[in-house]
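Text of the file coords-v4.cif, holding mmCIF, C-alpha atoms:
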data_structure
#
loop_
_atom_site.label_atom_id
_atom_site.label_comp_id
_atom_site.auth_asym_id
_atom_site.auth_seq_id
_atom_site.Cartn_x
_atom_site.Cartn_y
_atom_site.Cartn_z
CA MET R 1178 -104.72 161.47 72.07
CA SER R 1179 -106.92 164.57 72.10
CA PHE R 1180 -107.43 166.86 69.12
CA PHE R 1181 -105.27 169.53 70.75
CA GLY R 1182 -102.53 167.01 71.54
CA ARG R 1183 -102.48 165.80 67.95
CA GLN R 1184 -102.16 169.35 66.69
CA VAL R 1185 -99.29 170.09 69.08
CA VAL R 1186 -97.40 167.11 67.64
CA ILE R 1187 -98.10 168.07 64.03
CA ALA R 1188 -97.18 171.71 64.70
CA ALA R 1189 -93.88 170.63 66.27
CA LEU R 1190 -93.07 168.42 63.28
CA THR R 1191 -93.98 171.26 60.91
CA ALA R 1192 -91.79 173.76 62.77
CA ASN R 1193 -88.92 171.28 62.66
CA ALA R 1194 -89.36 170.84 58.91
CA LEU R 1195 -89.32 174.60 58.37
CA ARG R 1196 -86.52 175.55 60.79
CA PRO R 1197 -84.59 172.48 61.99
CA LEU R 1198 -82.06 172.77 64.80
CA ARG R 1199 -78.50 172.52 63.52
CA SER R 1200 -76.10 172.05 66.43
CA PHE R 1201 -74.13 168.80 66.54
CA ARG R 1202 -76.42 167.02 69.03
CA SER R 1203 -79.75 168.77 68.42
CA GLY R 1204 -79.26 168.18 64.69
CA VAL R 1205 -79.59 164.44 65.29
CA VAL R 1206 -82.94 165.01 67.01
CA SER R 1207 -84.10 167.27 64.16
CA PHE R 1208 -83.14 164.59 61.68
CA LEU R 1209 -84.98 161.82 63.53
CA LEU R 1210 -88.12 163.97 63.77
CA GLY R 1211 -87.88 165.40 60.29
CA PHE R 1212 -86.61 163.02 57.65
CA VAL R 1213 -89.91 161.14 57.44
CA SER R 1214 -92.36 163.93 58.27
CA THR R 1215 -90.83 166.32 55.74
CA GLU R 1216 -91.24 163.84 52.91
CA VAL R 1217 -94.78 162.82 53.89
CA ALA R 1218 -95.87 166.46 54.19
CA PRO R 1219 -98.73 165.99 51.66
CA GLN R 1220 -100.17 163.15 53.73
CA LEU R 1221 -99.76 165.14 56.96
CA LEU R 1222 -101.41 168.15 55.33
CA ALA R 1223 -104.40 166.08 54.22
CA ALA R 1224 -104.75 164.42 57.63
CA THR R 1225 -104.52 167.76 59.45
CA ALA R 1226 -107.16 169.34 57.21
CA LEU R 1227 -109.56 166.45 57.79
CA ASP R 1228 -108.93 166.50 61.53
CA ALA R 1229 -109.51 170.26 61.70
CA ALA R 1230 -112.71 170.02 59.63
CA ALA R 1231 -114.07 167.49 62.10
CA HIS R 1232 -113.47 169.86 65.04
CA LEU R 1233 -114.72 173.18 63.73
CA PRO R 1234 -116.66 175.51 66.08
CA PRO R 1235 -119.12 176.10 67.69
CA ARG R 1236 -117.22 174.13 70.38
CA ARG R 1237 -114.82 176.80 71.68
CA ARG R 1238 -112.58 174.33 73.42
CA HIS R 1239 -111.27 173.33 70.01
CA VAL R 1240 -110.11 176.83 69.04
CA PRO R 1241 -106.48 176.46 70.27
CA GLY R 1242 -106.14 173.23 68.33
CA LEU R 1243 -107.61 174.85 65.22
CA VAL R 1244 -105.10 177.71 65.48
CA LEU R 1245 -102.28 175.18 65.57
CA ALA R 1246 -103.86 173.29 62.69
CA CYS R 1247 -103.91 176.46 60.57
CA PHE R 1248 -100.23 177.04 61.29
CA SER R 1249 -99.41 173.44 60.38
CA MET R 1250 -101.40 173.53 57.15
CA LEU R 1251 -99.67 176.73 56.02
CA GLY R 1252 -96.26 175.35 56.92
CA LEU R 1253 -96.87 171.96 55.35
CA GLY R 1254 -98.18 173.66 52.23
CA TRP R 1255 -94.85 175.47 51.94
CA VAL R 1256 -92.96 172.20 52.45
CA VAL R 1257 -94.97 170.59 49.64
CA THR R 1258 -94.27 173.59 47.40
CA GLN R 1259 -90.53 173.21 48.01
CA SER R 1260 -90.77 169.50 47.20
CA ARG R 1261 -92.47 170.25 43.90
CA ARG R 1262 -89.82 172.84 43.04
CA SER R 1263 -87.24 170.06 43.11
CA ARG R 1264 -88.13 169.04 39.56
CA VAL R 1265 -87.14 172.42 38.12
CA LEU R 1266 -84.02 172.65 40.29
CA LEU R 1267 -82.86 169.19 39.24
CA GLU R 1268 -83.38 170.02 35.57
CA ASP R 1269 -81.47 173.29 35.99
CA ALA R 1270 -78.63 171.40 37.69
CA LEU R 1271 -78.29 169.10 34.68
CA VAL R 1272 -78.14 172.05 32.29
CA GLN R 1273 -75.58 173.87 34.41
CA GLY R 1274 -73.42 170.80 35.01
CA LEU R 1275 -73.54 169.25 31.55
CA GLY R 1276 -74.19 172.24 29.34
CA ALA R 1277 -77.37 172.90 27.39
CA GLU R 1278 -76.32 170.78 24.41
CA ASN R 1279 -75.66 167.68 26.50
CA ALA R 1280 -78.73 168.22 28.68
CA GLU R 1281 -80.93 168.30 25.58
CA GLN R 1282 -79.80 164.75 24.80
CA LEU R 1283 -81.28 163.35 28.00
CA ASP R 1284 -84.57 161.54 27.69
CA SER R 1285 -87.44 163.72 28.83
CA PRO R 1286 -89.31 162.55 31.93
CA THR R 1287 -92.57 160.85 31.07
CA PRO R 1288 -95.90 162.26 32.29
CA ALA R 1289 -96.12 159.31 34.70
CA GLU R 1290 -92.73 160.24 36.17
CA ARG R 1291 -93.75 163.87 36.52
CA ALA R 1292 -97.00 163.07 38.28
CA THR R 1293 -97.39 162.10 41.91
CA ARG R 1294 -98.90 158.65 41.74
CA TRP R 1295 -101.82 157.98 44.06
CA ARG R 1296 -100.49 154.54 44.90
CA ARG R 1297 -97.31 156.06 46.26
CA PHE R 1298 -99.25 158.83 47.99
CA LEU R 1299 -101.32 156.27 49.88
CA ASN R 1300 -98.40 153.90 50.53
CA PRO R 1301 -95.05 155.74 50.32
CA PHE R 1302 -93.31 152.85 52.07
CA GLY R 1303 -94.42 150.24 49.54
CA LEU R 1304 -91.02 149.57 48.01
CA ARG R 1305 -91.49 146.24 46.26
CA ASP R 1306 -91.61 146.19 42.47
CA ALA R 1307 -92.89 143.18 40.52
CA ARG R 1308 -90.73 144.23 37.56
CA VAL R 1309 -87.55 143.54 39.54
CA SER R 1310 -85.98 140.34 40.87
CA VAL R 1311 -83.44 140.29 43.68
CA GLU R 1312 -80.74 137.71 44.39
CA ARG R 1313 -79.72 138.16 48.00
CA ASP R 1314 -76.61 137.56 50.06
CA VAL R 1315 -74.09 136.81 47.33
CA ALA R 1316 -70.61 136.61 48.89
CA TYR R 1317 -68.02 139.01 47.48
CA ALA R 1318 -65.37 138.13 50.08
CA GLU R 1319 -64.90 136.10 53.24
CA GLY R 1320 -66.46 137.65 56.32
CA GLY R 1321 -70.02 136.51 56.87
CA ARG R 1322 -73.05 138.72 56.34
CA ARG R 1323 -71.04 141.94 56.24
CA ALA R 1324 -69.28 140.64 53.12
CA ARG R 1325 -72.49 140.01 51.16
CA LEU R 1326 -74.28 141.87 48.40
CA ASP R 1327 -77.71 141.84 46.75
CA ILE R 1328 -78.21 141.96 42.97
CA TYR R 1329 -81.27 143.67 41.47
CA ARG R 1330 -82.16 142.83 37.85
CA PRO R 1331 -85.18 143.00 35.57
CA ALA R 1332 -87.64 140.26 36.49
CA GLN R 1333 -87.73 139.23 32.83
CA GLY R 1334 -83.95 139.24 32.68
CA GLU R 1335 -83.27 136.01 30.83
CA GLY R 1336 -80.58 136.63 28.26
CA LEU R 1337 -79.58 139.96 29.81
CA GLU R 1338 -76.11 140.96 28.58
CA HIS R 1339 -73.85 143.99 28.81
CA ALA R 1340 -76.27 145.90 31.03
CA PRO R 1341 -74.96 148.99 32.83
CA VAL R 1342 -74.14 148.44 36.50
CA LEU R 1343 -74.88 150.54 39.58
CA ILE R 1344 -73.22 149.82 42.94
CA GLN R 1345 -75.15 151.15 45.96
CA VAL R 1346 -73.33 151.71 49.29
CA HIS R 1347 -75.57 152.09 52.34
CA GLY R 1348 -75.18 154.76 54.97
CA GLY R 1349 -75.49 154.65 58.74
CA GLY R 1350 -72.56 156.61 60.12
CA TRP R 1351 -70.12 153.79 59.26
CA THR R 1352 -71.47 152.03 62.38
CA VAL R 1353 -74.94 150.70 61.42
CA GLY R 1354 -76.95 149.99 58.30
CA GLN R 1355 -77.98 147.20 55.95
CA LYS R 1356 -77.89 146.83 52.19
CA GLU R 1357 -81.61 145.93 52.08
CA HIS R 1358 -82.88 149.23 53.47
CA GLN R 1359 -81.57 152.14 51.41
CA ALA R 1360 -81.91 153.60 47.89
CA LEU R 1361 -84.61 151.07 47.04
CA PRO R 1362 -86.62 153.52 44.88
CA LEU R 1363 -83.54 154.25 42.75
CA MET R 1364 -82.43 150.63 42.41
CA HIS R 1365 -85.92 149.41 41.52
CA TYR R 1366 -86.32 152.22 39.00
CA LEU R 1367 -83.04 151.40 37.24
CA ALA R 1368 -83.41 147.62 37.41
CA ALA R 1369 -86.86 147.88 35.83
CA GLN R 1370 -85.20 149.77 32.97
CA GLY R 1371 -82.57 147.10 32.35
CA TRP R 1372 -79.78 147.96 34.77
CA VAL R 1373 -78.02 145.58 37.13
CA CYS R 1374 -77.89 147.13 40.61
CA VAL R 1375 -75.64 145.82 43.36
CA ALA R 1376 -76.26 146.77 47.02
CA VAL R 1377 -73.31 146.00 49.28
CA ASN R 1378 -72.77 145.47 52.99
CA TYR R 1379 -69.43 146.25 54.61
CA ARG R 1380 -67.81 145.85 58.01
CA LEU R 1381 -68.93 148.37 60.62
CA ALA R 1382 -67.08 150.53 63.13
CA PRO R 1383 -66.22 150.67 65.96
CA ARG R 1384 -65.60 146.93 65.92
CA HIS R 1385 -63.84 147.36 62.60
CA PRO R 1386 -62.29 150.83 62.52
CA PHE R 1387 -61.87 152.74 59.29
CA PRO R 1388 -60.43 151.98 56.68
CA ALA R 1389 -62.18 148.58 56.88
CA GLN R 1390 -65.28 150.13 55.29
CA ILE R 1391 -63.57 151.53 52.18
CA ILE R 1392 -61.51 148.35 51.80
CA ASP R 1393 -64.73 146.32 51.70
CA VAL R 1394 -66.34 148.68 49.19
CA LYS R 1395 -63.31 148.32 46.96
CA ARG R 1396 -63.43 144.53 47.34
CA ALA R 1397 -67.03 144.69 46.20
CA ILE R 1398 -66.08 146.81 43.17
CA ALA R 1399 -63.34 144.33 42.28
CA TRP R 1400 -65.84 141.45 42.62
CA VAL R 1401 -68.29 143.25 40.34
CA LYS R 1402 -65.59 143.78 37.73
CA GLU R 1403 -64.76 140.05 37.80
CA HIS R 1404 -68.22 138.49 38.15
CA ILE R 1405 -71.04 140.82 37.14
CA ALA R 1406 -71.03 139.54 33.55
CA GLU R 1407 -72.42 136.28 34.99
CA TYR R 1408 -75.52 138.28 36.00
CA GLY R 1409 -75.85 140.16 32.72
CA GLY R 1410 -73.89 143.26 33.69
CA ASP R 1411 -71.16 145.09 31.80
CA PRO R 1412 -67.96 145.24 33.90
CA GLY R 1413 -66.75 148.01 31.60
CA HIS R 1414 -69.40 150.44 32.78
CA VAL R 1415 -69.81 150.57 36.54
CA VAL R 1416 -71.11 153.60 38.43
CA ILE R 1417 -71.36 153.98 42.19
CA THR R 1418 -73.76 155.76 44.53
CA GLY R 1419 -74.49 155.96 48.23
CA GLY R 1420 -76.05 158.18 50.86
CA SER R 1421 -74.46 159.78 53.93
CA ALA R 1422 -71.61 157.49 55.03
CA GLY R 1423 -72.32 155.57 51.81
CA GLY R 1424 -71.91 158.83 49.89
CA HIS R 1425 -68.54 159.31 51.53
CA LEU R 1426 -67.45 155.77 50.71
CA ALA R 1427 -68.74 156.01 47.13
CA ALA R 1428 -66.92 159.31 46.53
CA LEU R 1429 -63.71 158.09 48.17
CA ALA R 1430 -63.75 154.87 46.15
CA ALA R 1431 -64.37 156.79 42.92
CA LEU R 1432 -61.41 159.10 43.63
CA THR R 1433 -58.89 156.44 44.69
CA PRO R 1434 -58.90 153.63 42.08
CA GLY R 1435 -55.99 151.29 42.65
CA ASP R 1436 -54.85 152.97 45.90
CA PRO R 1437 -52.80 150.20 47.53
CA ALA R 1438 -53.48 151.52 51.04
CA TYR R 1439 -57.17 150.73 50.52
CA GLN R 1440 -56.62 147.53 48.53
CA PRO R 1441 -54.45 145.30 50.75
CA GLY R 1442 -53.96 141.93 49.11
CA PHE R 1443 -55.75 142.94 45.90
CA GLU R 1444 -53.61 145.88 44.86
CA ASP R 1445 -53.75 144.98 41.18
CA SER R 1446 -57.54 144.69 40.99
CA ASP R 1447 -59.46 147.20 38.91
CA THR R 1448 -61.58 149.36 41.23
CA SER R 1449 -62.28 152.22 38.85
CA VAL R 1450 -65.79 153.50 38.17
CA GLN R 1451 -67.16 155.57 35.31
CA ALA R 1452 -69.31 157.92 37.41
CA CYS R 1453 -70.25 158.63 41.02
CA VAL R 1454 -73.54 159.89 42.48
CA PRO R 1455 -73.04 160.69 46.19
CA VAL R 1456 -76.15 161.83 48.05
CA TYR R 1457 -75.88 163.94 51.25
CA GLY R 1458 -72.36 162.57 51.65
CA VAL R 1459 -69.52 163.43 54.04
CA TYR R 1460 -66.52 164.82 52.17
CA ASP R 1461 -64.29 166.20 54.92
CA PHE R 1462 -62.98 163.79 57.55
CA ALA R 1463 -60.06 166.04 58.46
CA GLY R 1464 -61.80 169.36 59.07
CA ALA R 1465 -59.77 170.72 56.15
CA THR R 1466 -62.63 172.98 55.05
CA GLY R 1467 -62.51 174.87 58.34
CA LEU R 1468 -66.23 174.30 58.84
CA ARG R 1469 -67.09 174.09 62.52
CA SER R 1470 -69.57 171.33 61.76
CA ALA R 1471 -66.79 169.30 60.10
CA THR R 1472 -64.34 169.67 62.97
CA GLN R 1473 -67.07 168.77 65.48
CA MET R 1474 -67.92 165.66 63.47
CA ARG R 1475 -64.22 164.79 63.33
CA ASP R 1476 -63.53 165.24 67.03
CA LEU R 1477 -66.83 164.10 68.57
CA PHE R 1478 -67.72 161.20 66.28
CA LEU R 1479 -65.24 160.18 63.60
CA ALA R 1480 -62.22 160.07 65.89
CA PRO R 1481 -63.72 158.10 68.81
CA ARG R 1482 -66.17 155.92 66.87
CA VAL R 1483 -65.00 155.42 63.30
CA LEU R 1484 -61.23 155.75 63.02
CA ARG R 1485 -60.65 155.09 66.74
CA LYS R 1486 -57.74 157.54 66.63
CA ARG R 1487 -57.33 161.15 67.67
CA TRP R 1488 -56.84 163.74 64.97
CA ARG R 1489 -53.58 165.01 66.44
CA ASP R 1490 -52.14 161.47 66.53
CA ALA R 1491 -52.88 160.53 62.91
CA PRO R 1492 -53.84 163.61 60.83
CA GLU R 1493 -52.65 161.93 57.63
CA GLU R 1494 -55.25 159.15 58.02
CA PHE R 1495 -58.08 161.65 58.40
CA GLU R 1496 -56.81 163.57 55.38
CA ALA R 1497 -56.48 160.42 53.26
CA ALA R 1498 -60.10 159.57 54.12
CA SER R 1499 -61.39 163.00 52.98
CA PRO R 1500 -62.72 162.96 49.40
CA ILE R 1501 -62.30 166.72 49.17
CA LEU R 1502 -58.54 166.22 49.55
CA ARG R 1503 -58.36 163.33 47.04
CA VAL R 1504 -59.66 165.11 43.93
CA THR R 1505 -57.38 164.81 40.89
CA PRO R 1506 -57.74 165.76 37.22
CA GLU R 1507 -58.53 162.08 36.52
CA ALA R 1508 -61.64 162.01 38.74
CA PRO R 1509 -64.67 160.41 37.07
CA ASP R 1510 -67.92 162.24 36.35
CA PHE R 1511 -69.84 163.27 39.48
CA PHE R 1512 -73.49 164.06 40.19
CA VAL R 1513 -73.64 165.39 43.77
CA LEU R 1514 -76.95 165.90 45.62
CA HIS R 1515 -77.54 167.54 48.99
CA GLY R 1516 -80.34 169.25 50.93
CA THR R 1517 -80.17 172.71 52.47
CA HIS R 1518 -81.93 171.53 55.66
CA ASP R 1519 -79.61 168.56 56.25
CA THR R 1520 -78.87 168.64 59.98
CA LEU R 1521 -76.45 165.68 60.03
CA VAL R 1522 -74.08 166.76 57.26
CA ASP R 1523 -73.64 170.46 56.59
CA VAL R 1524 -74.58 171.36 53.02
CA ASN R 1525 -71.42 173.49 52.90
CA GLN R 1526 -69.39 170.27 52.71
CA ALA R 1527 -71.11 169.47 49.41
CA ARG R 1528 -70.68 173.03 48.11
CA LEU R 1529 -66.94 173.03 48.83
CA PHE R 1530 -66.47 169.51 47.46
CA VAL R 1531 -68.21 170.46 44.22
CA ALA R 1532 -66.10 173.61 43.97
CA GLU R 1533 -62.94 171.49 44.30
CA LEU R 1534 -64.18 169.02 41.69
CA ARG R 1535 -64.93 171.83 39.25
CA ARG R 1536 -61.56 173.46 39.92
CA THR R 1537 -59.45 170.32 39.54
CA SER R 1538 -61.26 167.56 37.66
CA ARG R 1539 -61.42 167.36 33.88
CA ALA R 1540 -64.71 165.44 34.07
CA SER R 1541 -68.27 166.73 34.27
CA VAL R 1542 -69.70 167.81 37.62
CA VAL R 1543 -73.43 168.16 38.25
CA TYR R 1544 -74.62 169.58 41.57
CA ALA R 1545 -78.23 169.68 42.74
CA GLU R 1546 -78.96 171.50 45.99
CA LEU R 1547 -82.51 170.91 47.16
CA PRO R 1548 -84.10 173.55 49.43
CA GLY R 1549 -85.95 172.45 52.53
CA THR R 1550 -84.54 168.94 52.22
CA GLN R 1551 -83.44 166.87 55.22
CA HIS R 1552 -80.93 164.01 55.37
CA ALA R 1553 -82.11 160.58 54.07
CA PHE R 1554 -84.92 162.10 51.98
CA ASP R 1555 -84.73 159.29 49.40
CA PHE R 1556 -85.40 156.28 51.63
CA PHE R 1557 -88.98 155.92 50.39
CA HIS R 1558 -91.39 157.30 47.81
CA SER R 1559 -92.20 161.02 48.00
CA ILE R 1560 -92.64 163.93 45.63
CA ARG R 1561 -89.00 164.94 46.03
CA SER R 1562 -87.48 161.46 45.94
CA GLY R 1563 -89.55 160.68 42.84
CA TYR R 1564 -88.08 163.63 40.99
CA MET R 1565 -84.61 162.77 42.24
CA VAL R 1566 -84.85 159.14 41.15
CA SER R 1567 -86.16 160.09 37.72
CA THR R 1568 -83.44 162.70 37.19
CA VAL R 1569 -80.58 160.50 38.37
CA GLY R 1570 -81.93 157.63 36.27
CA ARG R 1571 -82.07 159.79 33.16
CA TYR R 1572 -78.57 161.14 33.83
CA LEU R 1573 -77.09 157.66 34.29
CA THR R 1574 -78.86 156.29 31.22
CA TRP R 1575 -77.51 159.19 29.16
CA HIS R 1576 -74.05 158.52 30.61
CA TRP R 1577 -74.38 154.86 29.64
CA ASN R 1578 -75.40 155.77 26.10
CA ARG R 1579 -72.33 158.01 25.79
CA HIS R 1580 -70.19 155.10 26.93
CA ARG R 1581 -71.71 152.77 24.34
CA GLU R 1582 -71.06 155.34 21.63
CA GLY R 1583 -67.45 155.68 22.76
CA LEU R 1584 -67.89 159.34 23.69
CA ASP R 1585 -66.41 161.17 26.66
CA VAL R 1586 -68.58 163.60 28.58
CA GLU R 1587 -67.46 167.02 27.42
CA VAL R 1588 -68.89 170.03 29.22
CA SER R 1589 -69.42 173.15 27.17
#

Exercise: express the given structure as structure tokens:
Amino acid sequence: MSFFGRQVVIAALTANALRPLRSFRSGVVSFLLGFVSTEVAPQLLAATALDAAAHLPPRRRHVPGLVLACFSMLGLGWVVTQSRRSRVLLEDALVQGLGAENAEQLDSPTPAERATRWRRFLNPFGLRDARVSVERDVAYAEGGRRARLDIYRPAQGEGLEHAPVLIQVHGGGWTVGQKEHQALPLMHYLAAQGWVCVAVNYRLAPRHPFPAQIIDVKRAIAWVKEHIAEYGGDPGHVVITGGSAGGHLAALAALTPGDPAYQPGFEDSDTSVQACVPVYGVYDFAGATGLRSATQMRDLFLAPRVLRKRWRDAPEEFEAASPILRVTPEAPDFFVLHGTHDTLVDVNQARLFVAELRRTSRASVVYAELPGTQHAFDFFHSIRSGYMVSTVGRYLTWHWNRHREGLDVEVS
């Protein structure tokens, strides 16, 4: 590809990162073009600068490409600045959600966590960690590969006992996705610090319409409660996370412990969790918020592909599947994260969900809204995902310490 052609591509990616398209269908295209390029903006900026330096005048034919390169470098510089701002915004979210006194009790991020490591800059997709061992494809129910989970533990985990447990639920629009591919930076980070992390598969729509997905997630929670002690985990302290559809399933599971409609055949099993960390999740299946983006998602995707029912024929099933309509005073602690540039799930869903949690729940609610951030920003190592992983890890470790001390999370 010519110098000018390369700069056209980079300029288009930069423009998409700065001002993504947000309609129902064009938002998918913006996501596919933007979720990687936005997070590798430092690498794109460096490559563009080197490419431009190699094609400086006096050759006039390179001037149009250089103009585009200047635009891209300015835009990418702004994207990098927004990524770096995430650290301050995440810290502020902890203070606002927990109160200054509680936030002061969190471990401070180390200099290594604050810094952008060169190894990750050069290889952001290098997700293996020698400090972590993984036991794959453990069956939590009958049902083949979709009823399997992976367990992440410290590599030197002999004698591990009573470790805190994180359950990770993958996304993929309830129709695709694998447990091996998502939230790896977070699970490796926590497992290296002594956590037991469990990544679960579940049955997929449309072959298995909803509520098969939430039933499977609850089966996995019940399995963890019964068996995780065999792997060194503490069944008394289980938290759950997930992104996108996984964020929806994590939030719904956290808000409906013991719901017999979602626990057929295991109604008496304990499916409660101590905290939930949904990331860019879907919280409104029913369009109850009145958001146009939510009703479009309901009518154009959820109804025909996920529930396989029309809204007007079964409104109660859409409402039951909406976390925003399932909030009670007994909800567990929540740490909700969402990006302002998310073109798949409107950030207003997260804002309204958090408002409902704060209005109704007696538990703590932390909300971090990250500017310039696209859907699926945490799939690999980046400036922003590094800050997010560190902050969530510190929050969950603090939460675990409160549990061990027998203290509830009280927000001042």

Mind telling me what the PyMOL selection byres ((chain R and resi 1464-1479) around 10) catches here, as number ranges by chain? R: 1199-1201, 1350-1351, 1382-1383, 1386-1387, 1459-1463, 1480-1489, 1492, 1495-1496, 1499, 1501-1502, 1520-1523, 1525-1526, 1529-1530

> If you apply the PyMOL selection byres ((chain R and resi 1398) around 9) to this file, what residues do you get, as a ChimeraX atom specification?
Replying inline: /R:1344,1393-1397,1399-1403,1415,1417,1430,1447-1450

Mind pulling up the distance from CA of Gly1420 (chain R) to CA of Pro1437 (chain R)?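 The value is 24.8 Å.
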
As a check of understanding: the span from CA of Phe1248 (chain R) to CA of Arg1261 (chain R) is 20.2 Å

#### Entry: 12 Å contact set for Ala1324 (chain R), only C-alpha atoms, chain neighbours under 3 positions out, as a list of chain:residue names
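Selected residues are R:Arg1313, R:Asp1314, R:Val1315, R:Ala1316, R:Tyr1317, R:Ala1318, R:Glu1319, R:Gly1320, R:Gly1321, R:Asp1327, R:Gln1355, R:Lys1356, R:Ala1376, R:Val1377, R:Asn1378, R:Tyr1379, R:Arg1380, R:Leu1381, R:Ala1389, R:Gln1390, R:Ile1392, R:Asp1393, R:Val1394, R:Lys1395, R:Arg1396, R:Ala1397, R:Trp1400.
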
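Among the candidates R:Pro1341, R:Gly1516, R:Pro1441, R:Gly1371, the residue lying nearest to Asn1578 (chain R) is R:Pro1341 (atoms considered: only C-alpha atoms).
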
* I would like the residues chosen by the PyMOL selection byres ((chain R and resi 1552) around 8) on the shown file; could you give them as a PyMOL selection string? => chain R and resi 1208+1212+1421+1457+1516+1518-1522+1550-1551+1553-1554

Practice prompt. Find the distance between CA of His1414 (chain R) and CA of His1576 (chain R) and write it in Å to one decimal.
Written response: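 These atoms are spaced 9.6 Å apart.
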
Requested in this report: Would you mind listing what lies within 12 Å of region 1228-1236 of chain R as a PyMOL selection string, with only C-alpha atoms counted and same-chain residues fewer than 2 positions away left out?
Outcome: chain R and resi 1179-1184+1187+1221-1226+1238-1250

Using only C-alpha atoms, tabulate the residues of region 1285-1355 of chain R lying at most 8 Å from any atom of region 1360-1369 of chain R, each with its closest atom pair and that distance in Å to one decimal, by chain and increasing residue number, as a Markdown table.
| residue | atom | partner | partner_atom | distance |
| --- | --- | --- | --- | --- |
| R:Leu1304 | CA | R:Leu1361 | CA | 6.7 |
| R:Arg1305 | CA | R:His1365 | CA | 8.0 |
| R:Asp1306 | CA | R:His1365 | CA | 6.6 |
| R:Arg1308 | CA | R:Ala1369 | CA | 5.6 |
| R:Val1309 | CA | R:Ala1369 | CA | 5.8 |
| R:Tyr1329 | CA | R:Ala1368 | CA | 6.1 |
| R:Arg1330 | CA | R:Ala1368 | CA | 5.0 |
| R:Pro1331 | CA | R:Ala1369 | CA | 5.2 |
| R:Ala1332 | CA | R:Ala1369 | CA | 7.7 |
| R:Gln1345 | CA | R:Ala1360 | CA | 7.4 |
| R:His1347 | CA | R:Ala1360 | CA | 7.9 |

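Using only C-alpha atoms for every distance, the candidate list R:Leu1283, R:Val1542, R:Leu1271, R:Val1311 yields R:Leu1283 as the residue closest to Arg1579 (chain R).
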